[in-house]
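Student: Take a look at work_29.cif, mmCIF, C-alpha atoms:
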data_work
#
loop_
_atom_site.group_PDB
_atom_site.id
_atom_site.type_symbol
_atom_site.label_atom_id
_atom_site.label_comp_id
_atom_site.auth_asym_id
_atom_site.auth_seq_id
_atom_site.Cartn_x
_atom_site.Cartn_y
_atom_site.Cartn_z
ATOM 1 C CA MET A 1 118.964 166.212 178.952
ATOM 2 C CA ILE A 2 121.291 164.894 181.670
ATOM 3 C CA ASP A 3 121.176 161.142 181.285
ATOM 4 C CA ASP A 4 121.897 158.530 183.950
ATOM 5 C CA GLU A 5 125.425 157.819 182.723
ATOM 6 C CA LEU A 6 126.376 161.487 183.026
ATOM 7 C CA LYS A 7 124.710 161.707 186.448
ATOM 8 C CA ALA A 8 126.780 158.727 187.563
ATOM 9 C CA ILE A 9 130.101 160.512 186.914
ATOM 10 C CA LEU A 10 129.235 164.133 187.788
ATOM 11 C CA VAL A 11 130.455 165.324 191.197
ATOM 12 C CA CYS A 12 130.662 168.691 192.917
ATOM 13 C CA PRO A 13 133.594 170.644 191.400
ATOM 14 C CA ALA A 14 134.442 172.032 194.849
ATOM 15 C CA CYS A 15 134.294 169.007 197.186
ATOM 16 C CA LYS A 16 134.003 166.157 194.621
ATOM 17 C CA GLY A 17 131.003 164.892 196.639
ATOM 18 C CA ASP A 18 127.800 163.306 195.366
ATOM 19 C CA LEU A 19 125.053 165.487 193.902
ATOM 20 C CA ILE A 20 121.251 165.614 193.946
ATOM 21 C CA PHE A 21 119.750 166.169 190.513
ATOM 22 C CA GLU A 22 116.622 168.298 190.155
ATOM 23 C CA ALA A 23 114.906 169.509 186.982
ATOM 24 C CA THR A 24 116.555 172.924 186.892
ATOM 25 C CA ARG A 25 119.488 172.644 189.292
ATOM 26 C CA ILE A 26 122.066 170.285 190.733
ATOM 27 C CA ILE A 27 122.584 170.370 194.473
ATOM 28 C CA CYS A 28 125.693 169.621 196.494
ATOM 29 C CA PRO A 29 124.335 168.959 199.989
ATOM 30 C CA ALA A 30 127.835 168.983 201.521
ATOM 31 C CA CYS A 31 128.708 172.456 200.176
ATOM 32 C CA ARG A 32 125.076 173.630 200.404
ATOM 33 C CA LYS A 33 125.332 174.922 196.846
ATOM 34 C CA ALA A 34 122.989 174.633 193.862
ATOM 35 C CA TYR A 35 124.492 174.590 190.369
ATOM 36 C CA PRO A 36 122.178 175.777 187.588
ATOM 37 C CA ILE A 37 121.099 173.741 184.563
ATOM 38 C CA ARG A 38 120.759 176.223 181.699
ATOM 39 C CA ASP A 39 119.428 175.241 178.301
ATOM 40 C CA GLY A 40 119.918 171.603 179.288
ATOM 41 C CA ILE A 41 123.594 172.110 180.162
ATOM 42 C CA PRO A 42 124.794 171.598 183.748
ATOM 43 C CA VAL A 43 126.820 174.681 184.694
ATOM 44 C CA MET A 44 129.310 173.304 187.207
ATOM 45 C CA LEU A 45 131.094 176.562 187.934
ATOM 46 C CA ILE A 46 131.701 177.259 191.611
ATOM 47 C CA ASN A 47 131.109 180.991 191.178
ATOM 48 C CA GLU A 48 127.801 180.354 189.372
ATOM 49 C CA ALA A 49 126.385 178.251 192.228
ATOM 50 C CA GLU A 50 123.745 179.658 194.545
ATOM 51 C CA ALA A 51 123.425 179.056 198.263
ATOM 52 C CA TRP A 52 121.130 176.134 199.053
ATOM 53 C CA THR A 53 119.390 175.322 202.312
ATOM 54 C CA PRO A 54 118.028 171.820 203.029
ATOM 55 C CA GLY A 55 114.264 171.786 202.667
ATOM 56 C CA ALA A 56 114.215 175.064 200.739
ATOM 57 C CA MET B 1 141.570 179.322 186.857
ATOM 58 C CA SER B 2 141.353 182.839 188.273
ATOM 59 C CA ASP B 3 138.034 184.624 187.917
ATOM 60 C CA ALA B 4 139.711 187.348 185.840
ATOM 61 C CA GLN B 5 141.162 184.834 183.358
ATOM 62 C CA ALA B 6 137.858 182.929 183.241
ATOM 63 C CA ARG B 7 136.033 186.158 182.345
ATOM 64 C CA ARG B 8 138.573 186.933 179.606
ATOM 65 C CA VAL B 9 138.046 183.501 178.059
ATOM 66 C CA GLN B 10 134.243 183.699 178.356
ATOM 67 C CA ALA B 11 134.196 187.191 176.811
ATOM 68 C CA GLN B 12 136.492 186.174 173.962
ATOM 69 C CA PHE B 13 134.780 182.929 173.006
ATOM 70 C CA GLY B 14 131.235 183.960 173.914
ATOM 71 C CA GLN B 15 131.287 186.607 171.168
ATOM 72 C CA SER B 16 132.315 184.350 168.287
ATOM 73 C CA PRO B 17 131.410 180.719 169.053
ATOM 74 C CA GLU B 18 130.224 179.937 165.526
ATOM 75 C CA ALA B 19 133.603 181.059 164.146
ATOM 76 C CA TYR B 20 135.245 178.229 166.070
ATOM 77 C CA VAL B 21 132.765 175.707 164.739
ATOM 78 C CA ALA B 22 133.595 176.911 161.213
ATOM 79 C CA SER B 23 137.376 177.110 161.752
ATOM 80 C CA ALA B 24 139.233 174.801 159.375
ATOM 81 C CA GLY B 25 142.287 174.754 161.635
ATOM 82 C CA HIS B 26 140.220 173.421 164.505
ATOM 83 C CA ALA B 27 138.175 171.029 162.381
ATOM 84 C CA GLY B 28 141.213 168.839 161.950
ATOM 85 C CA GLY B 29 143.824 167.504 159.648
ATOM 86 C CA ALA B 30 146.942 165.472 160.334
ATOM 87 C CA ASP B 31 146.975 166.682 163.948
ATOM 88 C CA LEU B 32 143.503 165.392 164.792
ATOM 89 C CA GLU B 33 144.181 162.184 162.844
ATOM 90 C CA THR B 34 147.251 161.571 165.003
ATOM 91 C CA LEU B 35 145.306 162.055 168.237
ATOM 92 C CA LEU B 36 142.533 159.800 166.927
ATOM 93 C CA ALA B 37 145.029 157.064 166.063
ATOM 94 C CA TRP B 38 146.529 157.242 169.555
ATOM 95 C CA GLY B 39 143.052 157.259 171.086
ATOM 96 C CA ARG B 40 141.692 154.432 168.934
ATOM 97 C CA ALA B 41 144.490 152.128 170.086
ATOM 98 C CA ARG B 42 143.346 152.612 173.685
ATOM 99 C CA LYS B 43 139.823 151.341 172.836
ATOM 100 C CA PRO B 44 138.167 153.856 175.135
ATOM 101 C CA ALA B 45 134.599 153.481 176.383
ATOM 102 C CA ARG B 46 134.380 156.967 177.861
ATOM 103 C CA VAL B 47 136.163 160.104 176.644
ATOM 104 C CA LEU B 48 136.252 163.629 178.100
ATOM 105 C CA ASP B 49 137.105 166.507 175.767
ATOM 106 C CA ILE B 50 138.121 169.526 177.854
ATOM 107 C CA ALA B 51 137.892 173.027 176.369
ATOM 108 C CA THR B 52 135.917 171.480 173.532
ATOM 109 C CA GLY B 53 135.434 174.809 171.713
ATOM 110 C CA GLY B 54 133.603 174.157 168.457
ATOM 111 C CA GLY B 55 133.303 170.475 169.361
ATOM 112 C CA HIS B 56 135.370 168.989 166.508
ATOM 113 C CA THR B 57 137.483 166.790 168.753
ATOM 114 C CA ALA B 58 134.464 165.584 170.736
ATOM 115 C CA LEU B 59 132.679 164.700 167.485
ATOM 116 C CA ALA B 60 135.710 162.856 166.122
ATOM 117 C CA PHE B 61 136.056 160.786 169.300
ATOM 118 C CA ALA B 62 132.317 160.020 169.299
ATOM 119 C CA GLY B 63 133.196 157.787 166.355
ATOM 120 C CA LEU B 64 135.379 155.521 168.496
ATOM 121 C CA ALA B 65 133.984 155.687 172.046
ATOM 122 C CA ALA B 66 130.532 154.775 173.327
ATOM 123 C CA ARG B 67 130.344 157.969 175.331
ATOM 124 C CA VAL B 68 131.957 161.416 175.035
ATOM 125 C CA VAL B 69 131.567 164.377 177.378
ATOM 126 C CA ALA B 70 132.269 167.783 175.798
ATOM 127 C CA PHE B 71 133.389 170.272 178.455
ATOM 128 C CA ASP B 72 133.973 174.014 178.177
ATOM 129 C CA LEU B 73 134.096 177.167 180.289
ATOM 130 C CA THR B 74 131.884 179.161 177.927
ATOM 131 C CA GLU B 75 128.177 178.345 177.662
ATOM 132 C CA PRO B 76 127.564 179.937 174.219
ATOM 133 C CA MET B 77 130.523 177.912 172.902
ATOM 134 C CA LEU B 78 128.977 174.703 174.284
ATOM 135 C CA ARG B 79 125.598 175.487 172.753
ATOM 136 C CA ALA B 80 127.271 176.083 169.367
ATOM 137 C CA ALA B 81 129.222 172.814 169.742
ATOM 138 C CA ARG B 82 126.024 170.946 170.620
ATOM 139 C CA GLU B 83 124.242 172.293 167.563
ATOM 140 C CA PHE B 84 127.214 171.295 165.376
ATOM 141 C CA ILE B 85 127.565 167.793 166.870
ATOM 142 C CA HIS B 86 123.834 167.053 166.814
ATOM 143 C CA GLY B 87 123.735 168.341 163.241
ATOM 144 C CA ARG B 88 126.296 165.671 162.357
ATOM 145 C CA GLY B 89 124.039 163.026 163.830
ATOM 146 C CA ALA B 90 126.124 162.112 166.879
ATOM 147 C CA THR B 91 123.921 161.354 169.874
ATOM 148 C CA SER B 92 126.444 159.948 172.373
ATOM 149 C CA VAL B 93 127.968 163.301 173.374
ATOM 150 C CA GLY B 94 127.007 165.010 176.652
ATOM 151 C CA PHE B 95 127.706 168.675 177.391
ATOM 152 C CA VAL B 96 128.934 170.156 180.671
ATOM 153 C CA ALA B 97 130.095 173.699 181.516
ATOM 154 C CA GLY B 98 132.880 174.147 184.045
ATOM 155 C CA ASP B 99 136.451 175.098 184.812
ATOM 156 C CA VAL B 100 139.397 172.816 183.987
ATOM 157 C CA GLY B 101 140.899 173.765 187.344
ATOM 158 C CA ALA B 102 137.969 172.114 189.165
ATOM 159 C CA LEU B 103 136.642 169.292 186.978
ATOM 160 C CA PRO B 104 133.191 168.120 188.156
ATOM 161 C CA PHE B 105 133.811 164.432 187.433
ATOM 162 C CA ASP B 106 134.465 161.428 189.617
ATOM 163 C CA ASP B 107 137.977 160.056 190.078
ATOM 164 C CA GLY B 108 138.907 157.622 187.306
ATOM 165 C CA ALA B 109 135.718 158.304 185.326
ATOM 166 C CA PHE B 110 137.388 158.412 181.890
ATOM 167 C CA ASP B 111 139.561 156.151 179.737
ATOM 168 C CA VAL B 112 140.809 159.047 177.617
ATOM 169 C CA VAL B 113 140.884 162.820 178.133
ATOM 170 C CA THR B 114 141.529 165.057 175.130
ATOM 171 C CA CYS B 115 142.491 168.731 175.037
ATOM 172 C CA ARG B 116 143.146 170.283 171.666
ATOM 173 C CA ILE B 117 144.552 173.782 170.951
ATOM 174 C CA ALA B 118 143.313 175.207 174.254
ATOM 175 C CA ALA B 119 145.849 174.972 177.073
ATOM 176 C CA HIS B 120 147.402 178.320 176.079
ATOM 177 C CA HIS B 121 144.211 179.881 177.514
ATOM 178 C CA PHE B 122 144.495 178.141 180.883
ATOM 179 C CA GLY B 123 145.469 180.303 183.838
ATOM 180 C CA GLU B 124 147.196 177.390 185.565
ATOM 181 C CA VAL B 125 148.155 174.507 183.304
ATOM 182 C CA ALA B 126 149.748 172.479 186.123
ATOM 183 C CA ALA B 127 146.477 172.519 188.098
ATOM 184 C CA ALA B 128 144.479 171.535 185.002
ATOM 185 C CA VAL B 129 146.826 168.604 184.311
ATOM 186 C CA ARG B 130 146.428 167.405 187.908
ATOM 187 C CA GLN B 131 142.643 167.452 187.424
ATOM 188 C CA VAL B 132 142.993 165.476 184.188
ATOM 189 C CA GLN B 133 145.114 162.885 186.011
ATOM 190 C CA ARG B 134 142.464 162.579 188.735
ATOM 191 C CA VAL B 135 139.564 161.901 186.336
ATOM 192 C CA LEU B 136 141.556 159.385 184.258
ATOM 193 C CA ARG B 137 141.461 155.731 185.214
ATOM 194 C CA ARG B 138 144.845 154.107 185.917
ATOM 195 C CA GLY B 139 146.526 153.509 182.571
ATOM 196 C CA GLY B 140 144.160 155.938 180.866
ATOM 197 C CA SER B 141 145.529 158.410 178.318
ATOM 198 C CA PHE B 142 145.672 162.187 178.170
ATOM 199 C CA LEU B 143 145.874 163.310 174.540
ATOM 200 C CA VAL B 144 146.928 166.945 174.398
ATOM 201 C CA GLN B 145 147.710 169.244 171.492
ATOM 202 C CA ASP B 146 148.700 172.866 171.763
ATOM 203 C CA ILE B 147 150.771 175.606 170.182
ATOM 204 C CA LEU B 148 154.422 174.801 170.850
ATOM 205 C CA GLY B 149 156.378 177.474 172.706
ATOM 206 C CA HIS B 150 159.484 178.726 170.898
ATOM 207 C CA ASP B 151 162.878 178.020 172.455
ATOM 208 C CA ASP B 152 164.231 181.485 171.516
ATOM 209 C CA PRO B 153 163.036 183.890 174.265
ATOM 210 C CA ASP B 154 162.804 186.859 171.858
ATOM 211 C CA ALA B 155 160.779 184.915 169.301
ATOM 212 C CA SER B 156 158.596 183.568 172.090
ATOM 213 C CA ALA B 157 157.965 187.063 173.508
ATOM 214 C CA PHE B 158 157.185 188.370 170.013
ATOM 215 C CA VAL B 159 154.599 185.735 169.149
ATOM 216 C CA THR B 160 153.030 185.880 172.620
ATOM 217 C CA GLU B 161 152.507 189.626 172.107
ATOM 218 C CA VAL B 162 150.966 188.979 168.670
ATOM 219 C CA GLU B 163 148.644 186.368 170.196
ATOM 220 C CA LYS B 164 147.645 188.547 173.156
ATOM 221 C CA ARG B 165 146.863 191.529 170.933
ATOM 222 C CA ARG B 166 144.597 189.327 168.862
ATOM 223 C CA ASP B 167 143.078 187.513 171.845
ATOM 224 C CA PRO B 168 143.467 188.915 175.384
ATOM 225 C CA SER B 169 142.613 185.486 176.825
ATOM 226 C CA HIS B 170 145.821 184.009 175.382
ATOM 227 C CA VAL B 171 148.231 183.257 178.235
ATOM 228 C CA ARG B 172 151.179 181.600 176.510
ATOM 229 C CA ALA B 173 152.370 178.518 174.669
ATOM 230 C CA TYR B 174 154.637 176.071 176.500
ATOM 231 C CA ARG B 175 157.845 174.431 175.309
ATOM 232 C CA ALA B 176 158.079 170.649 175.062
ATOM 233 C CA THR B 177 160.207 170.485 178.217
ATOM 234 C CA GLU B 178 157.580 172.490 180.108
ATOM 235 C CA TRP B 179 154.775 170.182 178.959
ATOM 236 C CA LYS B 180 156.722 167.121 180.026
ATOM 237 C CA ALA B 181 157.348 168.675 183.436
ATOM 238 C CA PHE B 182 153.625 169.438 183.931
ATOM 239 C CA LEU B 183 152.712 165.870 182.956
ATOM 240 C CA ARG B 184 155.455 164.205 185.021
ATOM 241 C CA ALA B 185 154.569 166.270 188.103
ATOM 242 C CA ALA B 186 150.935 165.137 187.834
ATOM 243 C CA GLY B 187 151.796 161.425 187.554
ATOM 244 C CA LEU B 188 151.420 161.042 183.791
ATOM 245 C CA THR B 189 154.078 159.379 181.625
ATOM 246 C CA VAL B 190 154.642 160.509 178.029
ATOM 247 C CA MET B 191 154.150 157.562 175.658
ATOM 248 C CA ASP B 192 153.854 159.246 172.243
ATOM 249 C CA GLU B 193 154.976 162.596 170.887
ATOM 250 C CA ALA B 194 154.641 164.424 167.572
ATOM 251 C CA THR B 195 154.809 167.927 166.163
ATOM 252 C CA VAL B 196 152.887 169.374 163.234
ATOM 253 C CA GLU B 197 153.063 172.736 161.497
ATOM 254 C CA LYS B 198 149.968 174.902 161.144
ATOM 255 C CA VAL B 199 149.834 177.693 158.588
ATOM 256 C CA ARG B 200 147.759 180.598 159.868
ATOM 257 C CA VAL B 201 146.136 182.577 157.077
ATOM 258 C CA TRP B 202 146.232 186.085 158.505
ATOM 259 C CA ASN B 203 142.805 187.332 157.407
ATOM 260 C CA GLU B 204 141.069 184.225 158.684
ATOM 261 C CA TRP B 205 143.118 184.119 161.894
ATOM 262 C CA THR B 206 142.502 187.741 162.859
ATOM 263 C CA GLY B 207 138.926 187.685 161.550
ATOM 264 C CA ARG B 208 137.914 184.747 163.750
ATOM 265 C CA MET B 209 138.472 186.874 166.845
ATOM 266 C CA ARG B 210 136.607 189.808 165.291
ATOM 267 C CA MET B 211 139.524 192.194 165.719
ATOM 268 C CA ALA B 212 138.504 195.801 165.204
ATOM 269 C CA GLY B 213 140.131 197.531 162.218
ATOM 270 C CA ASP B 214 142.336 199.789 164.340
ATOM 271 C CA ALA B 215 143.553 197.003 166.578
ATOM 272 C CA ARG B 216 144.324 194.870 163.567
ATOM 273 C CA ARG B 217 146.276 197.647 161.842
ATOM 274 C CA GLU B 218 148.268 198.233 165.049
ATOM 275 C CA LEU B 219 148.990 194.525 165.270
ATOM 276 C CA GLU B 220 150.150 194.463 161.652
ATOM 277 C CA ALA B 221 152.431 197.455 162.307
ATOM 278 C CA PHE B 222 153.813 195.646 165.370
ATOM 279 C CA VAL B 223 154.606 192.599 163.231
ATOM 280 C CA ARG B 224 156.240 194.684 160.501
ATOM 281 C CA ARG B 225 158.543 196.535 162.879
ATOM 282 C CA ALA B 226 159.563 193.405 164.828
ATOM 283 C CA PRO B 227 163.104 192.087 164.280
ATOM 284 C CA GLU B 228 163.390 190.067 161.087
ATOM 285 C CA ARG B 229 164.578 186.974 162.933
ATOM 286 C CA CYS B 230 161.443 187.001 165.112
ATOM 287 C CA ARG B 231 159.226 187.031 162.020
ATOM 288 C CA GLN B 232 161.410 184.378 160.384
ATOM 289 C CA ALA B 233 160.981 182.119 163.410
ATOM 290 C CA PHE B 234 157.301 181.848 162.452
ATOM 291 C CA ALA B 235 157.732 182.109 158.665
ATOM 292 C CA PHE B 236 155.703 185.316 158.432
ATOM 293 C CA ARG B 237 154.823 186.002 154.795
ATOM 294 C CA LEU B 238 154.460 189.689 153.972
ATOM 295 C CA ALA B 239 153.445 191.214 150.640
ATOM 296 C CA GLY B 240 153.922 194.975 150.781
ATOM 297 C CA ASP B 241 151.878 196.194 153.742
ATOM 298 C CA THR B 242 149.844 193.029 153.824
ATOM 299 C CA ILE B 243 150.485 190.062 156.072
ATOM 300 C CA GLU B 244 149.523 186.868 154.283
ATOM 301 C CA SER B 245 150.259 184.146 156.800
ATOM 302 C CA PHE B 246 152.567 182.753 159.438
ATOM 303 C CA THR B 247 153.338 179.259 160.583
ATOM 304 C CA ASP B 248 153.537 177.910 164.082
ATOM 305 C CA ARG B 249 154.184 174.477 165.394
ATOM 306 C CA MET B 250 151.898 172.322 167.453
ATOM 307 C CA ILE B 251 153.010 169.732 169.957
ATOM 308 C CA LEU B 252 150.971 166.546 170.359
ATOM 309 C CA LEU B 253 151.500 164.315 173.358
ATOM 310 C CA ARG B 254 149.951 161.146 174.688
ATOM 311 C CA ALA B 255 150.644 160.687 178.405
ATOM 312 C CA ASP B 256 149.289 157.759 180.381
ATOM 313 C CA ARG B 257 148.272 157.813 184.009
ATOM 314 C CA ASP B 258 150.770 155.882 186.124
#
For this file, write the structure as structure tokens.
Tutor:
Amino acid sequence: MIDDELKAILVCPACKGDLIFEATRIICPACRKAYPIRDGIPVMLINEAEAWTPGA
Amino acid sequence: MSDAQARRVQAQFGQSPEAYVASAGHAGGADLETLLAWGRARKPARVLDIATGGGHTALAFAGLAARVVAFDLTEPMLRAAREFIHGRGATSVGFVAGDVGALPFDDGAFDVVTCRIAAHHFGEVAAAVRQVQRVLRRGGSFLVQDILGHDDPDASAFVTEVEKRRDPSHVRAYRATEWKAFLRAAGLTVMDEATVEKVRVWNEWTGRMRMAGDARRELEAFVRRAPERCRQAFAFRLAGDTIESFTDRMILLRADRD
């Protein structure tokens, strides 16, 4: 659903840093936040992100 | 934008996304043709359509750019736009949910950014324009269209009240001088400018936002008792107790990143 060209230009809305793409979420390691992917749509809203811990 | 304003927009557009897909006023006309002509001349490879709504602008630009990203605050609106755009056979459009005040795209990622009939919902237009400038490449174009604010303060206050009663997520429309100040402050230079008139058929306009009967009757009473010159400023057409239509103006601007 999220193709490579879109992945190449998506950044964290908070820190504008690079992201890690998983099947159901998009992680900003710098902010330690995970943004949900719902119905194939990345939801890049800061207040929708969940806390993320490395290795979790 | 503020969380409160974001919730107002999501509540308003989440309840009637299909109505925006079906809306003739949003589907286009001379206004969209003008933006397309400005955009086509820039030969863009990648276009971002912010506050895509029903997706008409994103679909139109998919015809002239290899890649379009349709962006909106409201997930149900995006899903409706995706269904509409895929139904028209366009496959080059991606969909992303987010806030115009914090765009989740890399600096300089886009050749053209479009924003059509939406900025009057933004909590902070200046912040949104700064984000647009950031994601545009140098020399890239911001193509913006919105309801034009009226120069007469009384007429402006009147129509803002009409808009807010119909749609609580309406903030206000900006005058041409205000738009140019937002753009200039962000480092964007106005290159093209146009205005178009849009006739709003009352039943369709109030129906799209699913106004309850009482609220609509109160709004109609508010319009009828407003000063004549305020109604005349927007060419309100009344027939007895019925409001048939009014006309507002849209400003269209192309501003290039310095």
Student: Identify all chain A residues at most 10 Å from chain B by counting all atoms listed in the file; ligands do not count. Present them as a PyMOL selection string.
Tutor: chain A and resi 1-3+5-18+37-48
Student: Please report, as lines of an AutoDock Vina configuration file, the centre and edge lengths in Å to one decimal of an axis-aligned box covering all listed atoms of range 22-35 of chain A with 4 Å per side.
Tutor:
center_x = 121.8
center_y = 171.6
center_z = 194.2
size_x = 21.8
size_y = 14.6
size_z = 22.6
Student: Leaving out Trp52 in chain A and any residue of its chain fewer than 3 positions from it, which residues lie within 10 Å of it when counting only C-alpha atoms, given as a PyMOL selection string?
Tutor: chain A and resi 27-29+31-35+49+55-56
Student: Those residues with C-alpha atoms, as a PDB file, in the frame of the given file please?
Tutor:
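New file out00.pdb:
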ATOM      1  CA  ILE A  27     122.584 170.370 194.473  1.00  0.00           C
ATOM      2  CA  CYS A  28     125.693 169.621 196.494  1.00  0.00           C
ATOM      3  CA  PRO A  29     124.335 168.959 199.989  1.00  0.00           C
ATOM      4  CA  CYS A  31     128.708 172.456 200.176  1.00  0.00           C
ATOM      5  CA  ARG A  32     125.076 173.630 200.404  1.00  0.00           C
ATOM      6  CA  LYS A  33     125.332 174.922 196.846  1.00  0.00           C
ATOM      7  CA  ALA A  34     122.989 174.633 193.862  1.00  0.00           C
ATOM      8  CA  TYR A  35     124.492 174.590 190.369  1.00  0.00           C
ATOM      9  CA  ALA A  49     126.385 178.251 192.228  1.00  0.00           C
ATOM     10  CA  GLY A  55     114.264 171.786 202.667  1.00  0.00           C
ATOM     11  CA  ALA A  56     114.215 175.064 200.739  1.00  0.00           C
TER      12      ALA A  56
END
Student: I'd like the interatomic distance between CA of Phe182 in chain B and CA of Val129 in chain B, to a tenth of an Å.
Tutor: 6.9 Å
Student: Which residues match the PyMOL selection byres ((chain B and resi 156) around 10) in the file above, as a PyMOL selection string?
Tutor: chain B and resi 148-155+157-162+172-175+230+233-234
Student: Which one of B:Ala22, B:Met1, B:Ala226, B:Val132 sits closest to Val47 in chain B if you count all atoms listed in the file?
Tutor: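 Of the candidates, the smallest distance to Val47 in chain B is held by B:Val132.
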Student: Could you list the residues chosen by the PyMOL selection byres ((chain B and resi 247) around 6) in this structure as a ChimeraX atom specification?
Tutor: /B:198-200,234-235,246,248
Student: Starting from the PyMOL selection byres ((chain B and resi 56) around 10), expand the selection into actual residues of this file and give them as a VMD selection string.
Tutor: chain B and resid 20 to 24 26 to 28 32 49 52 to 55 57 to 62 70 81 84 to 85 116
Student: For range 207-211 of chain B, work out the shell of residues within 10 Å, counting all atoms listed in the file and skipping chain neighbours fewer than 3 positions away, then give it as a ChimeraX atom specification.
Tutor: /B:12-13,15-20,22-23,165-167,201-204,214-217,219
Student: CA of Leu253 in chain B and CA of Gly139 in chain B, how far apart in Å?
Tutor: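 Here the two named atoms are 15.0 Å from each other.
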Student: For CA of Glu193 in chain B and CA of Phe71 in chain B, determine how far apart the two atoms are, in Å to one decimal place.
Tutor: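 Taking CA of Glu193 in chain B and CA of Phe71 in chain B, their separation equals 24.1 Å.
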